[in-house]
Amino acid sequence: AKNKGRGSVSWFTSDMVHSVVENFEVESLLERALNQDMFRLFLQPKVCQRGAARHFEVLLRIEHEERGIISPEEFIDIAESTGMILPIGTWILEEAARLLSQHQDLHVSVNVSVQQLLQENFVRDLACILQSYRFDPSHLTLEMTESLMIANFDLALAQLHDIRALNVRLSIDDFGTGYSALIYLKQLPLDELKIDKTFIAGIPHEANATSLVEFIIAMARHLNLIVVAEGVETEEQVKWLRSRGCDCLQGFLFGKPQRATDYLDELN
Ligand code: C2E
Ligand code: CA
Ligand code: CA
Ligand code: CA
């Protein structure tokens with residue numbers, strides 16, 4: 001029981017107990033997934049105007065023997081709050097590097113949690129991976145959200161500069177949903193900006209969404225950044241986004257996240 005002062009004692013609600021048990025279950029699932037090789041990299045195509053290069057975003061899944069494919073929505077928050085995202089994140093980067101070394105024309109984007117980025121040894125580990133798996137480092141893009149980055153601005157900025165020095169590309173994910181303090185954004189060494197799918201969903205009919213997306217595209221132009229729209233589901237959105245100069249499009253219309261082997265030739 002939690003003691004709220006004299007005469008008033010409140011008990012944990014069954015909801016709280018339930019969530020403690022649930023968190024514990026997810027945590028042990030994550031440990032087992034790492035130890036027993038249950039994580040899978042899924043790929044979703046990213047369609048860019050110029051060039052014939054093949055671009056994909058890497059999206060994590062767990063393949064469970066009874067439950068089938070488990071979505072990151074069920075485990076990513078707990079992976080972050082327990083620190084499990086660190087070993088998992090290293091595994092993802094290494095697997096992505098393996099794919100890049102096996103397919104020299106491939107480009108992939110990998111989601112990196114800000115917690116990973118703020119680890120002191122993150123850049124050194126990344127450099128080691130680049131050395132062990134041979135590929136053009138500019139074929140790897142790291143996607144990160146901006147909010148926690150701004151809370152630890154100096155460290156994040158130093159890390160981003162070191163990553164850029166390795167020729168790895170940097171992208172800001174879920175753009176528009178966080179603080180998006182423009183004064184900070186301007187200082188970050190970025191290559192790309194990804195507009196969150198909640199805004200794309202409002203195109204072309206919702207005035208708030210369309211004006212915000214137009215503003216983001218104009219700002220990206222001004223900062224010399226590639227603009228990517230995520231969550232593109234209709235031809236109408238494609239037409240609207242292309243006519244306004246959005247560089248790359250991603251969404252169910254072009255392809256759902258699938259096993260890497262569904263999109264890439266099996267190597268012998
Ligand atoms: P995100 O990075 O913003 O990824 C985009 C999400 O939108 C993905 O969900 C993707 O499957 C989904 N999506 C793609 N196209 C469409 C569409 O046309 N319509 C709709 N409604 N949704 C679409 P997913 O795969 O469930 O991933 C959810 C989140 O989990 C990701 O959001 C990312 O924040 C996190 N995540 C996924 N993989 C990783 C990873 O390897 N590392 C880390 N740190 N986080 C990851
Ligand atoms: Ca992403
Ligand atoms: Ca997003
Ligand atoms: Ca996200």
# chains A, B, ... in the order shown; residues from 1 in each chain; ligands from 1
>>> residues_near_ligand(ligand="ligand 2", cutoff="6 Å", atoms="only C-alpha atoms and all ligand atoms", output="tab-separated table (two decimals) with all heavy atoms, in the first residue's frame")
chain	number	residue	atom	x	y	z
A	111	ASN	N	16.27	2.70	-37.39
A	111	ASN	CA	15.81	3.52	-36.27
A	111	ASN	C	16.77	3.35	-35.09
A	111	ASN	O	17.07	2.24	-34.69
A	111	ASN	CB	14.40	3.10	-35.83
A	111	ASN	CG	13.37	3.41	-36.89
A	111	ASN	OD1	13.01	4.56	-37.10
A	111	ASN	ND2	12.92	2.37	-37.59
A	143	GLU	N	17.86	6.96	-38.28
A	143	GLU	CA	16.68	7.78	-38.00
A	143	GLU	C	16.51	7.95	-36.50
A	143	GLU	O	16.54	6.98	-35.76
A	143	GLU	CB	15.41	7.11	-38.55
A	143	GLU	CG	15.38	6.97	-40.05
A	143	GLU	CD	14.02	6.45	-40.56
A	143	GLU	OE1	13.09	6.24	-39.75
A	143	GLU	OE2	13.91	6.26	-41.78
A	173	ASP	N	13.25	11.67	-37.42
A	173	ASP	CA	12.04	10.87	-37.59
A	173	ASP	C	10.85	11.55	-36.91
A	173	ASP	O	11.04	12.38	-36.02
A	173	ASP	CB	12.28	9.51	-36.94
A	173	ASP	CG	11.43	8.41	-37.52
A	173	ASP	OD1	10.60	8.70	-38.40
A	173	ASP	OD2	11.59	7.26	-37.09
>>> residues_near_ligand(ligand="ligand 4", cutoff="12 Å", atoms="only C-alpha atoms and all ligand atoms", output="ChimeraX atom specification")
/A:59-60,72-73,76-77,110-114,143-147,172-178,194-198,230-231
>>> closest_residue(among="A:Ile150, A:Ile200, A:Ala165, A:Cys48", to="Ile183 of chain A", atoms="only C-alpha atoms")
A:Ile150
>>> select_by_dssp(residues="segment 88-171 of chain A", states="strand (DSSP E or B)", output="JSON, numbers by chain")
{"A": [106, 107, 108, 109, 110, 111, 140, 141, 142, 143, 144, 145, 169, 170, 171]}
>>> write_last_selection(atoms="N, CA, C and O atoms", output="CSV table (one decimal), in the first residue's frame")
chain,number,residue,atom,x,y,z
A,106,LEU,N,22.2,-1.5,-52.2
A,106,LEU,CA,21.1,-1.3,-51.3
A,106,LEU,C,21.4,-0.1,-50.4
A,106,LEU,O,22.6,0.2,-50.0
A,107,HIS,N,20.3,0.6,-50.0
A,107,HIS,CA,20.4,1.7,-49.0
A,107,HIS,C,19.4,1.4,-47.9
A,107,HIS,O,18.3,1.1,-48.2
A,108,VAL,N,19.8,1.4,-46.6
A,108,VAL,CA,18.8,1.2,-45.6
A,108,VAL,C,18.9,2.3,-44.5
A,108,VAL,O,19.9,2.9,-44.2
A,109,SER,N,17.7,2.5,-43.9
A,109,SER,CA,17.5,3.4,-42.8
A,109,SER,C,17.2,2.6,-41.6
A,109,SER,O,16.4,1.7,-41.6
A,110,VAL,N,17.9,2.9,-40.5
A,110,VAL,CA,17.7,2.1,-39.2
A,110,VAL,C,17.3,3.1,-38.1
A,110,VAL,O,17.8,4.2,-38.0
A,111,ASN,N,16.3,2.7,-37.4
A,111,ASN,CA,15.8,3.5,-36.3
A,111,ASN,C,16.8,3.4,-35.1
A,111,ASN,O,17.1,2.2,-34.7
A,140,LEU,N,24.0,3.9,-45.4
A,140,LEU,CA,23.3,3.7,-44.1
A,140,LEU,C,22.8,5.0,-43.6
A,140,LEU,O,23.6,6.0,-43.5
A,141,THR,N,21.5,5.1,-43.2
A,141,THR,CA,20.9,6.3,-42.6
A,141,THR,C,20.4,5.9,-41.2
A,141,THR,O,19.8,4.9,-41.0
A,142,LEU,N,20.7,6.8,-40.2
A,142,LEU,CA,20.2,6.5,-38.9
A,142,LEU,C,19.0,7.5,-38.7
A,142,LEU,O,19.2,8.7,-38.9
A,143,GLU,N,17.9,7.0,-38.3
A,143,GLU,CA,16.7,7.8,-38.0
A,143,GLU,C,16.5,8.0,-36.5
A,143,GLU,O,16.5,7.0,-35.8
A,144,MET,N,16.3,9.2,-36.1
A,144,MET,CA,16.1,9.5,-34.6
A,144,MET,C,15.1,10.5,-34.5
A,144,MET,O,14.9,11.4,-35.3
A,145,THR,N,14.4,10.5,-33.3
A,145,THR,CA,13.4,11.5,-33.0
A,145,THR,C,14.1,12.7,-32.3
A,145,THR,O,15.1,12.5,-31.7
A,169,ARG,N,24.6,8.7,-42.9
A,169,ARG,CA,23.6,9.8,-43.0
A,169,ARG,C,22.7,9.8,-41.8
A,169,ARG,O,22.5,8.9,-41.1
A,170,LEU,N,22.1,11.0,-41.6
A,170,LEU,CA,21.3,11.3,-40.4
A,170,LEU,C,19.9,11.8,-40.8
A,170,LEU,O,19.8,12.7,-41.6
A,171,SER,N,18.9,11.2,-40.1
A,171,SER,CA,17.5,11.7,-40.4
A,171,SER,C,16.7,11.9,-39.1
A,171,SER,O,16.9,11.2,-38.2
>>> closest_residue(among="A:Pro137, A:Gly83, A:Gly245, A:Gly68", to="ligand 1", atoms="only C-alpha atoms and all ligand atoms")
A:Gly83
>>> atom_distance(atom1="atom CA of Glu192 of chain A", atom2="atom CA of Ile217 of chain A")
11.0 Å
>>> residues_around(residues="Glu235 of chain A", least_positions_apart="4", cutoff="9 Å", atoms="only C-alpha atoms", output="PyMOL selection string")
chain A and resi 239-240+253
